[in-house]
$ cat start04.pdb   # PDB, C-alpha atoms and all ligand atoms
ATOM      1  CA  MET Q 325      61.262  -8.185  41.465
ATOM      2  CA  LYS Q 326      63.502  -5.869  39.406
ATOM      3  CA  ILE Q 327      64.878  -2.875  41.294
ATOM      4  CA  GLY Q 328      66.402   0.100  39.479
ATOM      5  CA  PHE Q 329      68.505   2.882  40.972
ATOM      6  CA  ILE Q 330      68.983   6.147  39.131
ATOM      7  CA  GLY Q 331      72.185   7.386  40.718
ATOM      8  CA  CYS Q 332      74.476   5.117  42.692
ATOM      9  CA  GLY Q 333      76.287   7.245  45.234
ATOM     10  CA  ASN Q 334      76.607   6.980  48.995
ATOM     11  CA  MET Q 335      72.948   6.335  49.777
ATOM     12  CA  ALA Q 336      72.104   3.985  46.899
ATOM     13  CA  SER Q 337      75.274   1.948  47.525
ATOM     14  CA  ALA Q 338      74.378   1.521  51.200
ATOM     15  CA  MET Q 339      70.866   0.379  50.243
ATOM     16  CA  ILE Q 340      72.089  -1.996  47.528
ATOM     17  CA  GLY Q 341      74.703  -3.454  49.901
ATOM     18  CA  GLY Q 342      71.947  -4.255  52.409
ATOM     19  CA  ILE Q 343      69.536  -5.575  49.769
ATOM     20  CA  ILE Q 344      72.131  -8.001  48.416
ATOM     21  CA  LYS Q 345      73.454  -9.074  51.805
ATOM     22  CA  ASN Q 346      69.938  -9.843  53.017
ATOM     23  CA  GLN Q 347      68.965 -11.511  49.727
ATOM     24  CA  VAL Q 348      65.913  -9.280  49.183
ATOM     25  CA  VAL Q 349      66.662  -9.748  45.484
ATOM     26  CA  ALA Q 350      69.634 -11.216  43.599
ATOM     27  CA  PRO Q 351      72.331  -8.859  42.209
ATOM     28  CA  ALA Q 352      71.073  -9.747  38.701
ATOM     29  CA  ASP Q 353      67.722  -8.143  39.567
ATOM     30  CA  ILE Q 354      69.331  -4.764  40.262
ATOM     31  CA  LEU Q 355      70.350  -2.232  37.629
ATOM     32  CA  ALA Q 356      71.805   1.165  38.526
ATOM     33  CA  SER Q 357      73.037   4.203  36.656
ATOM     34  CA  ALA Q 358      75.705   6.761  37.497
ATOM     35  CA  LYS Q 359      76.927   9.800  35.649
ATOM     36  CA  THR Q 360      80.631   9.076  35.295
ATOM     37  CA  GLU Q 361      82.435   6.032  33.936
ATOM     38  CA  VAL Q 362      84.742   6.017  36.978
ATOM     39  CA  SER Q 363      81.757   5.654  39.338
ATOM     40  CA  ARG Q 364      80.117   3.007  37.181
ATOM     41  CA  GLU Q 365      83.241   0.844  37.105
ATOM     42  CA  LYS Q 366      83.803   1.290  40.839
ATOM     43  CA  LYS Q 367      80.225   0.373  41.765
ATOM     44  CA  LYS Q 368      80.127  -2.590  39.382
ATOM     45  CA  GLU Q 369      83.155  -4.019  41.159
ATOM     46  CA  GLU Q 370      82.097  -3.042  44.699
ATOM     47  CA  LEU Q 371      78.462  -4.199  44.504
ATOM     48  CA  GLY Q 372      78.569  -6.859  41.777
ATOM     49  CA  ILE Q 373      75.582  -5.353  39.949
ATOM     50  CA  ALA Q 374      75.098  -4.187  36.362
ATOM     51  CA  MET Q 375      75.668  -0.469  35.810
ATOM     52  CA  THR Q 376      74.651   1.723  32.895
ATOM     53  CA  ALA Q 377      74.994   5.326  31.780
ATOM     54  CA  ASP Q 378      71.423   5.223  30.453
ATOM     55  CA  ASN Q 379      68.770   6.336  32.959
ATOM     56  CA  ARG Q 380      66.025   5.357  30.524
ATOM     57  CA  GLU Q 381      67.316   1.768  30.468
ATOM     58  CA  VAL Q 382      67.033   1.675  34.277
ATOM     59  CA  ALA Q 383      63.538   3.186  34.159
ATOM     60  CA  ALA Q 384      62.341   0.608  31.624
ATOM     61  CA  PHE Q 385      63.950  -2.286  33.540
ATOM     62  CA  ALA Q 386      62.601  -1.491  37.008
ATOM     63  CA  GLU Q 387      59.405  -2.613  38.695
ATOM     64  CA  VAL Q 388      60.540  -0.552  41.665
ATOM     65  CA  LEU Q 389      62.475   2.508  40.525
ATOM     66  CA  ILE Q 390      64.496   4.379  43.153
ATOM     67  CA  LEU Q 391      65.482   7.952  42.355
ATOM     68  CA  ALA Q 392      68.847   8.228  44.118
ATOM     69  CA  VAL Q 393      70.273  11.426  42.655
ATOM     70  CA  LYS Q 394      70.647  14.734  44.517
ATOM     71  CA  PRO Q 395      67.347  16.612  44.884
ATOM     72  CA  PHE Q 396      68.388  19.302  42.390
ATOM     73  CA  TYR Q 397      68.733  16.666  39.627
ATOM     74  CA  TYR Q 398      65.246  15.224  40.215
ATOM     75  CA  GLU Q 399      63.504  17.483  37.710
ATOM     76  CA  ASP Q 400      65.892  16.764  34.814
ATOM     77  CA  VAL Q 401      66.018  13.039  35.564
ATOM     78  CA  ILE Q 402      62.224  12.685  35.754
ATOM     79  CA  LYS Q 403      61.763  14.576  32.474
ATOM     80  CA  GLU Q 404      64.386  12.313  30.880
ATOM     81  CA  ILE Q 405      62.739   9.018  31.934
ATOM     82  CA  ARG Q 406      59.012   9.724  32.248
ATOM     83  CA  ASP Q 407      57.903   8.306  28.893
ATOM     84  CA  VAL Q 408      59.591   4.934  29.501
ATOM     85  CA  VAL Q 409      58.296   4.384  33.040
ATOM     86  CA  ALA Q 410      55.512   1.755  32.908
ATOM     87  CA  ASP Q 411      52.137   2.651  34.436
ATOM     88  CA  ASP Q 412      52.478   0.081  37.239
ATOM     89  CA  THR Q 413      56.082   0.891  38.197
ATOM     90  CA  ILE Q 414      56.503   1.957  41.802
ATOM     91  CA  VAL Q 415      58.645   5.104  41.820
ATOM     92  CA  VAL Q 416      60.521   5.699  45.069
ATOM     93  CA  SER Q 417      61.987   9.046  46.093
ATOM     94  CA  ILE Q 418      64.713   9.250  48.738
ATOM     95  CA  ALA Q 419      65.161  13.015  48.518
ATOM     96  CA  PRO Q 420      64.297  15.512  51.233
ATOM     97  CA  GLY Q 421      61.834  18.272  50.431
ATOM     98  CA  LYS Q 422      60.479  16.953  47.117
ATOM     99  CA  LYS Q 423      56.769  16.510  47.767
ATOM    100  CA  LEU Q 424      54.603  13.720  46.325
ATOM    101  CA  THR Q 425      52.458  16.238  44.397
ATOM    102  CA  TRP Q 426      55.570  17.851  42.890
ATOM    103  CA  ILE Q 427      56.938  14.463  41.752
ATOM    104  CA  GLU Q 428      53.517  13.376  40.421
ATOM    105  CA  GLY Q 429      53.238  16.616  38.444
ATOM    106  CA  LEU Q 430      56.609  16.098  36.776
ATOM    107  CA  PHE Q 431      55.722  12.586  35.580
ATOM    108  CA  GLU Q 432      52.608  14.022  33.862
ATOM    109  CA  LYS Q 433      50.713  10.748  34.347
ATOM    110  CA  PRO Q 434      49.182   9.014  37.365
ATOM    111  CA  LEU Q 435      51.882   6.818  38.896
ATOM    112  CA  LYS Q 436      52.506   5.020  42.143
ATOM    113  CA  ILE Q 437      54.958   7.237  44.008
ATOM    114  CA  VAL Q 438      56.445   6.449  47.406
ATOM    115  CA  ARG Q 439      58.447   9.018  49.364
ATOM    116  CA  THR Q 440      61.021   7.593  51.747
ATOM    117  CA  MET Q 441      63.921   8.794  53.860
ATOM    118  CA  PRO Q 442      66.647   6.164  54.450
ATOM    119  CA  ASN Q 443      70.049   6.601  56.118
ATOM    120  CA  THR Q 444      73.544   5.245  55.469
ATOM    121  CA  PRO Q 445      73.630   2.672  58.321
ATOM    122  CA  ALA Q 446      71.637   0.697  55.720
ATOM    123  CA  LEU Q 447      75.068  -0.492  54.613
ATOM    124  CA  VAL Q 448      75.391  -2.613  57.756
ATOM    125  CA  GLY Q 449      71.721  -3.597  57.915
ATOM    126  CA  GLU Q 450      70.944  -1.047  60.654
ATOM    127  CA  GLY Q 451      69.190   1.622  58.609
ATOM    128  CA  MET Q 452      66.190   3.594  59.802
ATOM    129  CA  SER Q 453      63.740   4.664  57.112
ATOM    130  CA  CYS Q 454      60.262   6.067  56.746
ATOM    131  CA  VAL Q 455      57.822   5.436  53.926
ATOM    132  CA  CYS Q 456      54.769   7.314  52.620
ATOM    133  CA  GLY Q 457      52.832   6.336  49.472
ATOM    134  CA  ASN Q 458      50.612   8.551  47.309
ATOM    135  CA  ALA Q 459      46.907   7.881  46.661
ATOM    136  CA  LYS Q 460      47.687   5.634  43.654
ATOM    137  CA  CYS Q 461      49.566   3.181  45.895
ATOM    138  CA  SER Q 462      47.707   0.222  47.327
ATOM    139  CA  SER Q 463      48.736  -1.070  50.735
ATOM    140  CA  GLU Q 464      50.489  -3.941  48.865
ATOM    141  CA  ASP Q 465      52.583  -1.381  46.947
ATOM    142  CA  VAL Q 466      53.618   0.316  50.188
ATOM    143  CA  ASP Q 467      54.335  -3.137  51.674
ATOM    144  CA  THR Q 468      56.552  -3.959  48.690
ATOM    145  CA  VAL Q 469      58.670  -0.870  49.361
ATOM    146  CA  CYS Q 470      58.702  -1.590  53.112
ATOM    147  CA  ARG Q 471      59.919  -5.137  52.362
ATOM    148  CA  ILE Q 472      62.814  -3.802  50.276
ATOM    149  CA  PHE Q 473      63.719  -1.236  52.935
ATOM    150  CA  ALA Q 474      63.411  -3.857  55.693
ATOM    151  CA  GLY Q 475      66.292  -5.605  53.921
ATOM    152  CA  PHE Q 476      68.651  -2.961  55.268
ATOM    153  CA  GLY Q 477      67.098  -1.907  58.565
ATOM    154  CA  LYS Q 478      63.903  -0.751  60.205
ATOM    155  CA  THR Q 479      61.058   1.042  58.446
ATOM    156  CA  GLU Q 480      57.971   2.898  59.610
ATOM    157  CA  ILE Q 481      55.055   4.268  57.607
ATOM    158  CA  VAL Q 482      54.507   7.991  58.294
ATOM    159  CA  GLU Q 483      52.374  10.886  57.055
ATOM    160  CA  GLU Q 484      54.167  12.940  54.408
ATOM    161  CA  ASP Q 485      54.659  15.997  56.668
ATOM    162  CA  MET Q 486      56.644  13.855  59.100
ATOM    163  CA  ILE Q 487      59.331  13.124  56.485
ATOM    164  CA  ASP Q 488      60.943  16.544  57.079
ATOM    165  CA  VAL Q 489      61.345  15.590  60.742
ATOM    166  CA  VAL Q 490      62.742  12.169  59.820
ATOM    167  CA  VAL Q 491      65.466  13.909  57.789
ATOM    168  CA  GLY Q 492      66.717  15.536  61.005
ATOM    169  CA  VAL Q 493      66.339  12.627  63.390
ATOM    170  CA  SER Q 494      67.590   9.708  61.259
ATOM    171  CA  GLY Q 495      68.373  10.716  57.632
ATOM    172  CA  SER Q 496      71.090  13.183  58.580
ATOM    173  CA  SER Q 497      71.759  12.173  62.170
ATOM    174  CA  PRO Q 498      74.429   9.523  61.443
ATOM    175  CA  ALA Q 499      76.675  12.488  60.589
ATOM    176  CA  TYR Q 500      76.184  14.017  64.045
ATOM    177  CA  VAL Q 501      76.758  10.648  65.697
ATOM    178  CA  PHE Q 502      79.981  10.127  63.713
ATOM    179  CA  MET Q 503      81.121  13.576  64.882
ATOM    180  CA  PHE Q 504      80.381  12.575  68.480
ATOM    181  CA  ILE Q 505      82.339   9.324  68.088
ATOM    182  CA  GLU Q 506      85.204  11.188  66.438
ATOM    183  CA  ALA Q 507      85.282  13.789  69.228
ATOM    184  CA  MET Q 508      85.273  11.112  71.956
ATOM    185  CA  ALA Q 509      88.047   9.222  70.167
ATOM    186  CA  ASP Q 510      90.097  12.427  69.784
ATOM    187  CA  ALA Q 511      89.824  13.050  73.514
ATOM    188  CA  ALA Q 512      90.867   9.448  74.246
ATOM    189  CA  VAL Q 513      93.843   9.876  71.902
ATOM    190  CA  ALA Q 514      94.760  13.078  73.734
ATOM    191  CA  ASP Q 515      94.833  10.991  76.923
ATOM    192  CA  GLY Q 516      97.120   8.398  75.348
ATOM    193  CA  MET Q 517      94.923   5.756  73.705
ATOM    194  CA  PRO Q 518      95.992   4.547  70.222
ATOM    195  CA  ARG Q 519      93.571   5.981  67.635
ATOM    196  CA  ALA Q 520      92.227   2.706  66.205
ATOM    197  CA  GLN Q 521      91.502   1.450  69.694
ATOM    198  CA  ALA Q 522      89.831   4.779  70.570
ATOM    199  CA  TYR Q 523      87.380   4.419  67.645
ATOM    200  CA  ARG Q 524      86.528   0.888  68.760
ATOM    201  CA  PHE Q 525      85.832   1.945  72.342
ATOM    202  CA  ALA Q 526      83.858   5.062  71.392
ATOM    203  CA  ALA Q 527      81.783   3.351  68.685
ATOM    204  CA  GLN Q 528      80.967   0.303  70.811
ATOM    205  CA  ALA Q 529      79.860   2.589  73.665
ATOM    206  CA  VAL Q 530      77.474   4.381  71.277
ATOM    207  CA  LEU Q 531      76.200   1.090  69.835
ATOM    208  CA  GLY Q 532      75.595  -0.381  73.302
ATOM    209  CA  SER Q 533      73.889   2.784  74.541
ATOM    210  CA  ALA Q 534      71.550   2.838  71.534
ATOM    211  CA  LYS Q 535      70.699  -0.830  72.119
ATOM    212  CA  MET Q 536      69.889  -0.085  75.762
ATOM    213  CA  VAL Q 537      67.375   2.594  74.704
ATOM    214  CA  LEU Q 538      65.766   0.230  72.192
ATOM    215  CA  GLU Q 539      65.831  -2.949  74.250
ATOM    216  CA  THR Q 540      65.122  -1.823  77.831
ATOM    217  CA  GLY Q 541      62.387   0.651  76.927
ATOM    218  CA  LYS Q 542      63.715   2.863  79.752
ATOM    219  CA  HIS Q 543      63.750   6.646  79.426
ATOM    220  CA  PRO Q 544      67.182   7.847  78.188
ATOM    221  CA  GLY Q 545      67.377  10.126  81.247
ATOM    222  CA  GLU Q 546      67.020   7.121  83.548
ATOM    223  CA  LEU Q 547      69.733   5.260  81.644
ATOM    224  CA  LYS Q 548      71.970   8.341  81.951
ATOM    225  CA  ASP Q 549      71.300   8.503  85.693
ATOM    226  CA  MET Q 550      72.297   4.833  86.014
ATOM    227  CA  VAL Q 551      75.795   5.777  84.763
ATOM    228  CA  CYS Q 552      76.205   8.809  87.038
ATOM    229  CA  SER Q 553      77.564   7.654  90.412
ATOM    230  CA  PRO Q 554      77.321  10.195  93.229
ATOM    231  CA  LYS Q 555      80.511  12.279  93.384
ATOM    232  CA  GLY Q 556      81.635  10.220  90.394
ATOM    233  CA  THR Q 557      83.344  10.787  87.077
ATOM    234  CA  THR Q 558      80.319  10.781  84.761
ATOM    235  CA  ILE Q 559      78.415  13.563  86.472
ATOM    236  CA  GLU Q 560      81.493  15.769  85.998
ATOM    237  CA  ALA Q 561      81.361  15.087  82.257
ATOM    238  CA  VAL Q 562      77.589  15.696  82.254
ATOM    239  CA  ARG Q 563      78.111  19.044  84.063
ATOM    240  CA  VAL Q 564      80.592  20.175  81.388
ATOM    241  CA  LEU Q 565      78.381  18.970  78.512
ATOM    242  CA  GLU Q 566      75.467  20.962  79.946
ATOM    243  CA  GLU Q 567      77.712  24.015  80.457
ATOM    244  CA  LYS Q 568      78.919  23.776  76.832
ATOM    245  CA  GLY Q 569      75.339  23.476  75.577
ATOM    246  CA  LEU Q 570      75.274  19.952  74.094
ATOM    247  CA  ARG Q 571      71.476  19.658  74.227
ATOM    248  CA  SER Q 572      70.905  23.124  72.837
ATOM    249  CA  ALA Q 573      73.488  22.545  70.075
ATOM    250  CA  VAL Q 574      71.717  19.331  69.021
ATOM    251  CA  PHE Q 575      68.306  21.049  69.166
ATOM    252  CA  GLU Q 576      69.434  24.001  67.046
ATOM    253  CA  ALA Q 577      71.340  21.779  64.602
ATOM    254  CA  MET Q 578      68.279  19.617  63.994
ATOM    255  CA  LYS Q 579      66.037  22.655  63.582
ATOM    256  CA  ALA Q 580      68.458  23.959  60.935
ATOM    257  CA  CYS Q 581      68.519  20.550  59.251
ATOM    258  CA  VAL Q 582      64.715  20.229  59.093
ATOM    259  CA  LYS Q 583      64.358  23.841  57.876
ATOM    260  CA  LYS Q 584      66.857  23.182  55.082
ATOM    261  CA  GLY Q 585      64.996  19.998  54.104
ATOM    262  CA  ARG Q 586      61.725  21.949  53.839
ATOM    263  CA  GLU Q 587      63.420  24.500  51.588
ATOM    264  CA  VAL Q 588      64.927  21.947  49.133
TER     265      VAL Q 588
HETATM  266  N1  LIG Q 601      73.841  10.388  51.833
HETATM  267  C1  LIG Q 601      72.888  10.193  52.748
HETATM  268  O1  LIG Q 601      73.170   9.898  53.936
HETATM  269  C2  LIG Q 601      71.446  10.302  52.360
HETATM  270  C3  LIG Q 601      71.063  10.759  51.125
HETATM  271  N2  LIG Q 601      69.742  10.852  50.799
HETATM  272  C4  LIG Q 601      69.351  11.320  49.471
HETATM  273  O2  LIG Q 601      69.860  10.402  48.523
HETATM  274  C5  LIG Q 601      70.070  11.052  47.279
HETATM  275  C6  LIG Q 601      71.483  10.752  46.812
HETATM  276  O3  LIG Q 601      72.391  11.267  47.757
HETATM  277  P1  LIG Q 601      73.876  10.683  47.894
HETATM  278  O4  LIG Q 601      73.872   9.229  47.608
HETATM  279  O5  LIG Q 601      74.384  11.168  49.186
HETATM  280  O6  LIG Q 601      74.588  11.464  46.696
HETATM  281  P2  LIG Q 601      75.946  11.095  45.926
HETATM  282  O7  LIG Q 601      76.489  12.396  45.434
HETATM  283  O8  LIG Q 601      76.807  10.231  46.768
HETATM  284  O9  LIG Q 601      75.445  10.229  44.676
HETATM  285  C7  LIG Q 601      74.726  10.756  43.609
HETATM  286  C8  LIG Q 601      74.738   9.754  42.497
HETATM  287  O10 LIG Q 601      73.973  10.286  41.426
HETATM  288  C9  LIG Q 601      74.702  10.111  40.221
HETATM  289  N3  LIG Q 601      74.206  11.097  39.260
HETATM  290  C10 LIG Q 601      74.368  12.440  39.236
HETATM  291  N4  LIG Q 601      73.684  12.964  38.198
HETATM  292  C11 LIG Q 601      73.073  11.919  37.578
HETATM  293  C12 LIG Q 601      72.246  11.821  36.425
HETATM  294  N5  LIG Q 601      71.854  12.879  35.721
HETATM  295  N6  LIG Q 601      71.817  10.598  36.075
HETATM  296  C13 LIG Q 601      72.159   9.485  36.793
HETATM  297  N7  LIG Q 601      72.960   9.536  37.859
HETATM  298  C14 LIG Q 601      73.414  10.735  38.239
HETATM  299  C15 LIG Q 601      76.141  10.269  40.619
HETATM  300  O11 LIG Q 601      76.987   9.712  39.631
HETATM  301  P3  LIG Q 601      78.590  10.009  39.661
HETATM  302  O12 LIG Q 601      79.111   9.359  40.903
HETATM  303  O13 LIG Q 601      79.091   9.360  38.446
HETATM  304  O14 LIG Q 601      78.735  11.503  39.677
HETATM  305  C16 LIG Q 601      76.110   9.452  41.914
HETATM  306  O15 LIG Q 601      76.176   8.075  41.618
HETATM  307  C17 LIG Q 601      69.823  12.542  47.523
HETATM  308  O16 LIG Q 601      68.550  12.893  47.084
HETATM  309  C18 LIG Q 601      69.943  12.652  49.042
HETATM  310  O17 LIG Q 601      69.219  13.739  49.547
HETATM  311  C19 LIG Q 601      68.753  10.467  51.665
HETATM  312  C20 LIG Q 601      69.066  10.007  52.891
HETATM  313  C21 LIG Q 601      70.430   9.916  53.370
HETATM  314  O1  LIG Q 602      72.493  15.878  53.434
HETATM  315  C1  LIG Q 602      71.522  15.596  52.723
HETATM  316  O2  LIG Q 602      70.924  16.453  52.074
HETATM  317  C2  LIG Q 602      71.027  14.157  52.684
HETATM  318  C3  LIG Q 602      69.588  14.029  53.085
HETATM  319  C4  LIG Q 602      69.603  13.275  54.374
HETATM  320  C5  LIG Q 602      71.007  12.900  54.567
HETATM  321  N1  LIG Q 602      71.755  13.338  53.607
END
$ encode --input "start04.pdb" --output "structure tokens"
Amino acid sequence: MKIGFIGCGNMASAMIGGIIKNQVVAPADILASAKTEVSREKKKEELGIAMTADNREVAAFAEVLILAVKPFYYEDVIKEIRDVVADDTIVVSIAPGKKLTWIEGLFEKPLKIVRTMPNTPALVGEGMSCVCGNAKCSSEDVDTVCRIFAGFGKTEIVEEDMIDVVVGVSGSSPAYVFMFIEAMADAAVADGMPRAQAYRFAAQAVLGSAKMVLETGKHPGELKDMVCSPKGTTIEAVRVLEEKGLRSAVFEAMKACVKKGREV
């Protein structure tokens, strides 16, 4: 299977890294484009794939064509490539807000279009993505995309409306988690821990906690309660986090994120 990426920035690189590492396809079966020569050279070296400046070359090459440019470039890119995209190519969007009908309309011909929302932990094989195909897609087409995305993490099929929610809860959320890790590490540094060690401790605590949610099936509140000893240290931290509005901050942040995604 030939996979093409139009745009090869943060998200495409994370996906390609996972695809190659997990041998979904060989590097020779991937072709990507980027706007600047500097990026193309960097990605060629980093990922070991062929790079081009020509989006139309990528579109003609790909059986699965992933549009990995910023949402505001989608319109120009689709107009540029639409006459070289073969009728049976599966076109994959990773952009928030750009609806299937809008993408279909721009191609001006019936095509298989799949909307997805990946996230950057794809780079280490721990991505979380959703997938939704248009009416032209058979279940095999959707499976093909799921198989590619499974190469760099977990994937679930959702209704299109749910994609806006996925943007908030997994597409964008690595950024909030990195902020949380950074803040915990800063506090540990303030208390005397060397910075590199602080990142290791904070990140491993987040990783382990996430695994507990996924692997025990217990409610996160129960897992939290298991850490809070009576009269202990943790409940003091929990009291301050509640006082400072952690839950409300996360709630409001995600509402803002989803709203922005719907407006794109
Ligand atoms: N970053 C993330 O965590 C996530 C991003 N997404 C979505 O992924 C898409 C890409 O985002 P991201 O990777 O962060 O963005 P980046 O800015 O990191 O990358 C954009 C890429 O597009 C290239 N590019 C720009 N214009 C063109 C063009 N006309 N033709 C071909 N290539 C072009 C850039 O080239 P150059 O480097 O040379 O300028 C760059 O390689 C967006 O739609 C975003 O919403 C989805 C989920 C998560
Ligand atoms: O910030 C953004 O717009 C993209 C979409 C999801 C994550 N990054």
$ residues_near_ligand --input "start04.pdb" --ligand "ligand LIG 601 (chain Q)" --cutoff "7 Å" --atoms "only C-alpha atoms and all ligand atoms" --output "PyMOL selection string"
chain Q and resi 330-336+357-364+379+392-395+397+401+418-420+441-444+495-496
$ atom_distance --input "start04.pdb" --atom1 "CA of Lys368 (chain Q)" --atom2 "CA of Val349 (chain Q)"
16.4 Å
$ resolve_selection --input "start04.pdb" --expression "the PyMOL selection byres (((chain Q and resi 456) around 6) and not hetatm)" --output "PDB file with C-alpha atoms, in the coordinates of the input"
ATOM      1  CA  VAL Q 438      56.445   6.449  47.406  1.00  0.00           C
ATOM      2  CA  ARG Q 439      58.447   9.018  49.364  1.00  0.00           C
ATOM      3  CA  VAL Q 455      57.822   5.436  53.926  1.00  0.00           C
ATOM      4  CA  GLY Q 457      52.832   6.336  49.472  1.00  0.00           C
ATOM      5  CA  ILE Q 481      55.055   4.268  57.607  1.00  0.00           C
ATOM      6  CA  VAL Q 482      54.507   7.991  58.294  1.00  0.00           C
ATOM      7  CA  GLU Q 484      54.167  12.940  54.408  1.00  0.00           C
TER       8      GLU Q 484
END
$ resolve_selection --input "start04.pdb" --expression "the PyMOL selection byres (((chain Q and resi 466-469) around 8) and not hetatm)" --output "list of chain:residue names"
Q:Val388, Q:Val438, Q:Val455, Q:Cys456, Q:Gly457, Q:Cys461, Q:Ser462, Q:Ser463, Q:Glu464, Q:Asp465, Q:Cys470, Q:Arg471, Q:Ile472, Q:Phe473
$ resolve_selection --input "start04.pdb" --expression "the PyMOL selection byres (((chain Q and resi 412) around 8) and not hetatm)" --output "JSON, numbers by chain"
{"Q": [387, 410, 411, 413, 414, 435, 436]}
$ axis_aligned_box --input "start04.pdb" --around "ligand LIG 602 (chain Q)" --padding-each-side "6 Å" --output "JSON"
{"center_x": 71.0, "center_y": 14.7, "center_z": 53.3, "size_x": 14.9, "size_y": 15.6, "size_z": 14.5}
$ closest_residue --input "start04.pdb" --among "Q:Asp378, Q:Glu567, Q:Asp549, Q:Glu587" --to "ligand LIG 602 (chain Q)" --atoms "all atoms listed in the file"
Q:Glu587
$ closest_residue --input "start04.pdb" --among "Q:Pro554, Q:Gly475, Q:Pro544, Q:Pro445" --to "ligand LIG 602 (chain Q)" --atoms "all atoms listed in the file"
Q:Pro445
$ atom_distance --input "start04.pdb" --atom1 "CA of Glu546 (chain Q)" --atom2 "CA of Thr558 (chain Q)"
13.8 Å
$ atom_distance --input "start04.pdb" --atom1 "CA of Lys460 (chain Q)" --atom2 "CA of Val416 (chain Q)"
12.9 Å
$ residues_around --input "start04.pdb" --residues "Ala474 (chain Q)" --least-positions-apart "4" --cutoff "9 Å" --atoms "all atoms listed in the file" --output "list in words"
Ile343, Val348, Gly449, Gly451, Met452, Ser453, Val469, Cys470, Lys478 and Thr479 of chain Q
$ write_last_selection --input "start04.pdb" --atoms "C-alpha atoms" --output "PDB file, keeping the file's coordinate frame"
ATOM      1  CA  ILE Q 343      69.536  -5.575  49.769  1.00  0.00           C
ATOM      2  CA  VAL Q 348      65.913  -9.280  49.183  1.00  0.00           C
ATOM      3  CA  GLY Q 449      71.721  -3.597  57.915  1.00  0.00           C
ATOM      4  CA  GLY Q 451      69.190   1.622  58.609  1.00  0.00           C
ATOM      5  CA  MET Q 452      66.190   3.594  59.802  1.00  0.00           C
ATOM      6  CA  SER Q 453      63.740   4.664  57.112  1.00  0.00           C
ATOM      7  CA  VAL Q 469      58.670  -0.870  49.361  1.00  0.00           C
ATOM      8  CA  CYS Q 470      58.702  -1.590  53.112  1.00  0.00           C
ATOM      9  CA  LYS Q 478      63.903  -0.751  60.205  1.00  0.00           C
ATOM     10  CA  THR Q 479      61.058   1.042  58.446  1.00  0.00           C
TER      11      THR Q 479
END
$ residues_around --input "start04.pdb" --residues "Ala526 (chain Q)" --least-positions-apart "2" --cutoff "12 Å" --atoms "all atoms listed in the file" --output "list in words"
Val501, Phe502, Met503, Phe504, Ile505, Glu506, Ala507, Met508, Ala509, Asp510, Ala511, Ala512, Val513, Met517, Arg519, Ala520, Gln521, Ala522, Tyr523, Arg524, Gln528, Ala529, Val530, Leu531, Gly532 and Ser533 of chain Q
$ closest_residue --input "start04.pdb" --among "Q:Val490, Q:Leu389, Q:Ala384, Q:Val409" --to "ligand LIG 602 (chain Q)" --atoms "only C-alpha atoms and all ligand atoms"
Q:Val490
$ residues_around --input "start04.pdb" --residues "Phe575 (chain Q)" --least-positions-apart "6" --cutoff "10 Å" --atoms "only C-alpha atoms" --output "list in words"
Gly492, Gly569 and Cys581 of chain Q
$ residues_near_point --input "start04.pdb" --point "(51.9, 12.3, 36.3)" --cutoff "12 Å" --atoms "all atoms listed in the file" --output "ChimeraX atom specification"
/Q:402-403,406-407,409-411,415,424-437,458,460
$ closest_residue --input "start04.pdb" --among "Q:Phe396, Q:Pro498, Q:Val551, Q:Glu365" --to "Ala446 (chain Q)" --atoms "only C-alpha atoms"
Q:Pro498
